[in-house]
Amino acid sequence: MEKKRIADDLEPGPTPSPRPVDRFGFIKQDQTNSPEGITKSRSTHEREREERRIRKWRKMIGVGGNDWSHYEKRNPHVVKRRIRKGIPDCLRGLVWQLISGSRELLLLNPGVYEQLVIYESSASELEIIRDISRTFPSHVFFQQRHGPGQRSLYNVLKAYSVYDREVGYVQGMGFLAGLLLLYMSEEDAFWLLVALLKGAVHAPMEGLYQAGLPLVQQYLFQFEQLVKEFLPKLGQHFSDEMINPSMYASQWFITVFSYSFPFHFTLRIWDIFLYEGIKVVFKVGLALLRFCHDDLVKLPFEKLLHSLRNFPEDATDPDTILPIAFSFKVTKRLEEFEKAYKKKNGEGSHLGSSSTKRLQSMKSKSLSRINSQVFKSKFEKDK
């Protein structure tokens with residue numbers, strides 16, 4: 001055998017002492033009456049309603065997902081409405097694979113994941129190991145040093161860094177892989193990551209992680225234009241205070257809200273994101289700003305930046321924020337702003353001079369530095 005996976009050579013650390021966890025497996029930091037922090041006793045009526053909802057979903061997807069494609073083609077509006085209401089947690093992993101296109105990739109590539117994990121080596125292995133303990137550190141699955149969760153996360157990230165050596169591994173990818181591993185096996189999580197980055201259903205996301213973070217820069221430009229158009233007073237206040245989206249929104253796109261938002265909020269966004277695409281990140285971002293608009297427009301620079309990185313609890317209630325998000329119609333404007341961004345940066349034409357490329361390089365280095373600082377400060381806070 002050529003090279004065994006590094007993680008196998010590391011002894012698991014001690015199992016953390018049991019502590020109360022919420023219904024998603026996160027250790028309770030605060031024993032308050034937060035919406036998701038404490039498992040609430042549900043009434044008989046609520047339980048029956050949830051059971052009816054699960055039965056509807058099971059009928060819709062069929063055994064093992066066999067009926068999904070047929071049902072989705074016949075009833076796309078029903079599917080969209082139900083996904084926006086939230087996928088039942090017990091079916092989430094399967095439905096995510098069906099709507100992302102990853103199930104087909106898995107079936108078309110038998111044995112590939114095992115080959116990548118066991119027999120291939122990656123230049124990113126040490127970097128992945130360094131970052132693993134920083135991914136969902138308060139979740140019981142990832143808490144034990146070199147335990148099953150951290151090993152699975154290492155395997156998925158290492159396999160992807162080999163599968164796509166141009167992208168390799170970038171800090172932030174761990175949150176995507178970690179989230180997926182809470183709902184599916186290693187191999188399923190790997191192929192869903194491939195489906196997202198390579199664009200099995202929606203536009204490829206690999207540009208979020210390539211050198212220079214080109215897609216992050218484009219998305220931040222588009223988001224800034226949307227803020228100016230839909231929230232002009234706040235957009236002007238941002239300009240006056242010299243606040244730009246790279247200071248607060250880059251992680252929204254890089255991790256699809258899985259980095260520093262409440263988990264129940266993240267899950268609802270991911271349900272919609274996997275079905276409708278990246279536009280939901282723009283919509284939710286706008287909804288957060290609109291919800292907090294009246295407070296944000298009064299704040300000076302430092303307090304404003306802090307608020308944009310730490311939204312209040314009531315701003316992360318999906319039943320409040322998502323209806324606001326759906327009220328924004330952004331598809332056409334995103335296309336227009338994408339064209340404007342590419343024209344501005346000379347992409348696809350002879351106008352892309354060396355000075356423009358140097359400016360792009362400077363911007364990407366600055367953005368990478370900001371992202372690293374944001375991740376670092378959050379990791380230090382979590383310790």
# chains A, B, ... in the order shown; residues from 1 in each chain; ligands from 1

call {"tool": "select_by_dssp", "arguments": {"residues": "region 120-338 of chain A", "states": "alpha helix (DSSP H)", "output": "ChimeraX atom specification"}}
result
/A:125-132,140-143,148-163,173-181,186-198,214-230,232-240,250-255,263-276,279-291,293-296,301-309,318-326,331-338

call {"tool": "select_by_dssp", "arguments": {"residues": "region 11-250 of chain A", "states": "strand (DSSP E or B)", "output": "list in words"}}
result
Val21, Phe26, Ile27 and His139 of chain A

call {"tool": "residues_around", "arguments": {"residues": "Tyr341 (chain A)", "least_positions_apart": "4", "cutoff": "7 Å", "atoms": "only C-alpha atoms", "output": "PDB file with N, CA and C atoms, in the first residue's frame"}}
result
ATOM      1  N   GLN A 218     -16.452  39.056  -6.998  1.00  0.00           N
ATOM      2  CA  GLN A 218     -17.621  39.358  -7.840  1.00  0.00           C
ATOM      3  C   GLN A 218     -18.895  39.450  -7.003  1.00  0.00           C
ATOM      4  N   PHE A 337     -25.408  43.093 -12.823  1.00  0.00           N
ATOM      5  CA  PHE A 337     -24.245  43.493 -12.039  1.00  0.00           C
ATOM      6  C   PHE A 337     -23.046  42.597 -12.327  1.00  0.00           C
ATOM      7  N   ASN A 345     -13.702  45.075 -14.816  1.00  0.00           N
ATOM      8  CA  ASN A 345     -12.409  44.443 -14.590  1.00  0.00           C
ATOM      9  C   ASN A 345     -11.759  43.920 -15.865  1.00  0.00           C
TER      10      ASN A 345
END

call {"tool": "closest_atom_pairs", "arguments": {"of": "region 274-300 of chain A", "to": "region 90-102 of chain A", "cutoff": "10 Å", "atoms": "only C-alpha atoms", "output": "Markdown table"}}
result
| residue | atom | partner | partner_atom | distance |
| --- | --- | --- | --- | --- |
| A:Leu274 | CA | A:Ser100 | CA | 5.7 |
| A:Tyr275 | CA | A:Ile99 | CA | 5.7 |
| A:Glu276 | CA | A:Ile99 | CA | 9.3 |
| A:Gly277 | CA | A:Ser100 | CA | 9.5 |

call {"tool": "residues_around", "arguments": {"residues": "Ile278 (chain A)", "least_positions_apart": "3", "cutoff": "12 Å", "atoms": "only C-alpha atoms", "output": "JSON, numbers by chain"}}
result
{"A": [196, 197, 199, 201, 202, 203, 204, 205, 208, 215, 216, 219, 223, 252, 253, 254, 255, 256, 257, 269, 270, 271, 272, 273, 274, 275, 281, 282, 283, 284, 285, 330, 331, 334]}

call {"tool": "atom_distance", "arguments": {"atom1": "CA of Arg268 (chain A)", "atom2": "CA of Arg82 (chain A)"}}
result
11.4 Å

call {"tool": "closest_residue", "arguments": {"among": "A:Ala249, A:Ile27, A:Ala123, A:Val280", "to": "Gly168 (chain A)", "atoms": "only C-alpha atoms"}}
result
A:Ala123

call {"tool": "atom_distance", "arguments": {"atom1": "CA of Thr320 (chain A)", "atom2": "CA of Ile83 (chain A)"}}
result
16.0 Å

call {"tool": "residues_around", "arguments": {"residues": "Arg333 (chain A)", "least_positions_apart": "3", "cutoff": "10 Å", "atoms": "only C-alpha atoms", "output": "PDB file with N, CA, C and O atoms, in the first residue's frame"}}
result
ATOM      1  N   GLN A 222     -21.479  42.601  -6.454  1.00  0.00           N
ATOM      2  CA  GLN A 222     -22.913  42.499  -6.733  1.00  0.00           C
ATOM      3  C   GLN A 222     -23.740  42.842  -5.497  1.00  0.00           C
ATOM      4  O   GLN A 222     -24.746  43.548  -5.581  1.00  0.00           O
ATOM      5  N   GLN A 225     -23.894  46.574  -4.795  1.00  0.00           N
ATOM      6  CA  GLN A 225     -24.821  47.259  -5.700  1.00  0.00           C
ATOM      7  C   GLN A 225     -26.270  47.019  -5.276  1.00  0.00           C
ATOM      8  O   GLN A 225     -27.113  47.918  -5.345  1.00  0.00           O
ATOM      9  N   LEU A 226     -26.572  45.789  -4.839  1.00  0.00           N
ATOM     10  CA  LEU A 226     -27.929  45.474  -4.389  1.00  0.00           C
ATOM     11  C   LEU A 226     -28.299  46.291  -3.149  1.00  0.00           C
ATOM     12  O   LEU A 226     -29.434  46.766  -3.025  1.00  0.00           O
ATOM     13  N   GLU A 229     -29.172  49.748  -4.133  1.00  0.00           N
ATOM     14  CA  GLU A 229     -30.441  49.837  -4.851  1.00  0.00           C
ATOM     15  C   GLU A 229     -31.651  49.579  -3.949  1.00  0.00           C
ATOM     16  O   GLU A 229     -32.632  50.326  -3.991  1.00  0.00           O
ATOM     17  N   LYS A 329     -36.468  40.588  -5.304  1.00  0.00           N
ATOM     18  CA  LYS A 329     -36.341  39.979  -6.628  1.00  0.00           C
ATOM     19  C   LYS A 329     -34.995  40.408  -7.209  1.00  0.00           C
ATOM     20  O   LYS A 329     -34.832  41.550  -7.644  1.00  0.00           O
ATOM     21  N   VAL A 330     -34.030  39.496  -7.189  1.00  0.00           N
ATOM     22  CA  VAL A 330     -32.658  39.891  -7.500  1.00  0.00           C
ATOM     23  C   VAL A 330     -32.065  39.237  -8.740  1.00  0.00           C
ATOM     24  O   VAL A 330     -30.989  39.645  -9.186  1.00  0.00           O
ATOM     25  N   GLU A 336     -27.168  41.574 -14.399  1.00  0.00           N
ATOM     26  CA  GLU A 336     -26.694  42.876 -14.875  1.00  0.00           C
ATOM     27  C   GLU A 336     -25.437  43.315 -14.139  1.00  0.00           C
ATOM     28  O   GLU A 336     -24.478  43.817 -14.743  1.00  0.00           O
ATOM     29  N   PHE A 337     -25.408  43.093 -12.823  1.00  0.00           N
ATOM     30  CA  PHE A 337     -24.245  43.493 -12.039  1.00  0.00           C
ATOM     31  C   PHE A 337     -23.046  42.597 -12.327  1.00  0.00           C
ATOM     32  O   PHE A 337     -21.903  43.043 -12.233  1.00  0.00           O
ATOM     33  N   GLU A 338     -23.293  41.337 -12.681  1.00  0.00           N
ATOM     34  CA  GLU A 338     -22.191  40.461 -13.072  1.00  0.00           C
ATOM     35  C   GLU A 338     -21.532  40.970 -14.350  1.00  0.00           C
ATOM     36  O   GLU A 338     -20.307  41.025 -14.455  1.00  0.00           O
ATOM     37  N   LYS A 339     -22.357  41.364 -15.314  1.00  0.00           N
ATOM     38  CA  LYS A 339     -21.811  41.921 -16.553  1.00  0.00           C
ATOM     39  C   LYS A 339     -21.034  43.200 -16.285  1.00  0.00           C
ATOM     40  O   LYS A 339     -19.953  43.422 -16.847  1.00  0.00           O
TER      41      LYS A 339
END

call {"tool": "residues_around", "arguments": {"residues": "region 296-310 of chain A", "least_positions_apart": "6", "cutoff": "9 Å", "atoms": "only C-alpha atoms", "output": "short mmCIF file (atom, residue, chain, number, x, y, z; two decimals) with all heavy atoms, in the first residue's frame"}}
result
data_model
loop_
_atom_site.label_atom_id
_atom_site.label_comp_id
_atom_site.auth_asym_id
_atom_site.auth_seq_id
_atom_site.Cartn_x
_atom_site.Cartn_y
_atom_site.Cartn_z
N LYS A 233 -30.60 54.24 1.82
CA LYS A 233 -30.19 55.02 3.01
C LYS A 233 -29.05 54.30 3.73
O LYS A 233 -28.05 54.92 4.14
CB LYS A 233 -31.38 55.21 3.94
CG LYS A 233 -31.09 56.13 5.11
CD LYS A 233 -32.35 56.36 5.94
CE LYS A 233 -32.06 57.27 7.13
NZ LYS A 233 -33.27 57.48 7.96
N LEU A 234 -29.18 52.99 3.89
CA LEU A 234 -28.13 52.20 4.54
C LEU A 234 -26.88 52.15 3.67
O LEU A 234 -25.75 52.24 4.17
CB LEU A 234 -28.64 50.79 4.84
CG LEU A 234 -27.70 49.89 5.64
CD1 LEU A 234 -27.38 50.50 7.00
CD2 LEU A 234 -28.31 48.50 5.82
N HIS A 237 -25.04 55.26 4.17
CA HIS A 237 -24.40 55.25 5.50
C HIS A 237 -23.13 54.39 5.48
O HIS A 237 -22.11 54.77 6.07
CB HIS A 237 -25.39 54.73 6.54
CG HIS A 237 -24.87 54.78 7.95
ND1 HIS A 237 -24.45 55.96 8.55
CD2 HIS A 237 -24.67 53.80 8.88
CE1 HIS A 237 -24.02 55.70 9.78
NE2 HIS A 237 -24.15 54.39 9.99
N PHE A 238 -23.19 53.25 4.79
CA PHE A 238 -22.00 52.41 4.65
C PHE A 238 -20.88 53.20 3.96
O PHE A 238 -19.72 53.14 4.37
CB PHE A 238 -22.31 51.15 3.84
CG PHE A 238 -23.06 50.09 4.61
CD1 PHE A 238 -23.66 49.03 3.94
CD2 PHE A 238 -23.16 50.13 5.99
CE1 PHE A 238 -24.35 48.04 4.64
CE2 PHE A 238 -23.84 49.14 6.70
CZ PHE A 238 -24.43 48.10 6.01
N GLU A 241 -19.39 55.79 6.29
CA GLU A 241 -18.57 55.19 7.35
C GLU A 241 -17.44 54.32 6.79
O GLU A 241 -16.72 53.67 7.54
CB GLU A 241 -19.46 54.35 8.28
CG GLU A 241 -20.47 55.15 9.07
CD GLU A 241 -19.83 56.13 10.05
OE1 GLU A 241 -18.72 55.82 10.57
OE2 GLU A 241 -20.41 57.21 10.27
N MET A 242 -17.31 54.30 5.46
CA MET A 242 -16.27 53.52 4.77
C MET A 242 -16.35 52.04 5.10
O MET A 242 -15.36 51.35 5.37
CB MET A 242 -14.88 54.08 5.10
CG MET A 242 -14.72 55.53 4.67
SD MET A 242 -13.10 56.21 5.03
CE MET A 242 -12.09 55.32 3.85
N ILE A 243 -17.59 51.54 5.12
CA ILE A 243 -17.83 50.11 5.31
C ILE A 243 -18.11 49.47 3.95
O ILE A 243 -18.96 49.96 3.20
CB ILE A 243 -19.06 49.87 6.21
CG1 ILE A 243 -18.79 50.38 7.64
CG2 ILE A 243 -19.47 48.40 6.23
CD1 ILE A 243 -17.92 49.47 8.48
N MET A 247 -15.81 43.49 4.58
CA MET A 247 -15.58 43.57 6.02
C MET A 247 -16.56 42.72 6.83
O MET A 247 -16.31 42.44 7.99
CB MET A 247 -15.68 45.03 6.49
CG MET A 247 -14.66 45.95 5.90
SD MET A 247 -14.96 47.66 6.42
CE MET A 247 -13.52 48.49 5.71
N TYR A 248 -17.68 42.33 6.19
CA TYR A 248 -18.68 41.59 6.98
C TYR A 248 -19.38 40.46 6.22
O TYR A 248 -19.93 39.54 6.84
CB TYR A 248 -19.76 42.55 7.52
CG TYR A 248 -20.59 43.24 6.45
CD1 TYR A 248 -21.78 42.67 5.99
CD2 TYR A 248 -20.19 44.45 5.89
CE1 TYR A 248 -22.54 43.28 5.02
CE2 TYR A 248 -20.95 45.07 4.91
CZ TYR A 248 -22.11 44.49 4.48
OH TYR A 248 -22.87 45.10 3.50
N ALA A 249 -19.39 40.49 4.90
CA ALA A 249 -20.23 39.56 4.14
C ALA A 249 -19.48 38.45 3.42
O ALA A 249 -20.12 37.52 2.91
CB ALA A 249 -21.08 40.33 3.13
N SER A 260 -21.01 31.48 11.42
CA SER A 260 -21.22 32.15 12.71
C SER A 260 -22.69 32.45 13.00
O SER A 260 -22.99 33.34 13.78
CB SER A 260 -20.41 33.46 12.75
OG SER A 260 -20.81 34.33 11.70
N PHE A 261 -23.57 31.72 12.36
CA PHE A 261 -25.01 31.92 12.58
C PHE A 261 -25.59 30.72 13.32
O PHE A 261 -25.04 29.62 13.26
CB PHE A 261 -25.72 32.13 11.24
CG PHE A 261 -25.49 33.49 10.65
CD1 PHE A 261 -24.35 33.75 9.90
CD2 PHE A 261 -26.40 34.51 10.85
CE1 PHE A 261 -24.12 35.00 9.36
CE2 PHE A 261 -26.18 35.77 10.32
CZ PHE A 261 -25.03 36.02 9.57
N LEU A 289 -30.03 42.91 6.65
CA LEU A 289 -29.79 44.35 6.70
C LEU A 289 -31.09 45.13 6.80
O LEU A 289 -31.17 46.12 7.54
CB LEU A 289 -29.00 44.80 5.46
CG LEU A 289 -27.60 44.21 5.29
CD1 LEU A 289 -26.91 44.81 4.06
CD2 LEU A 289 -26.75 44.44 6.53
#
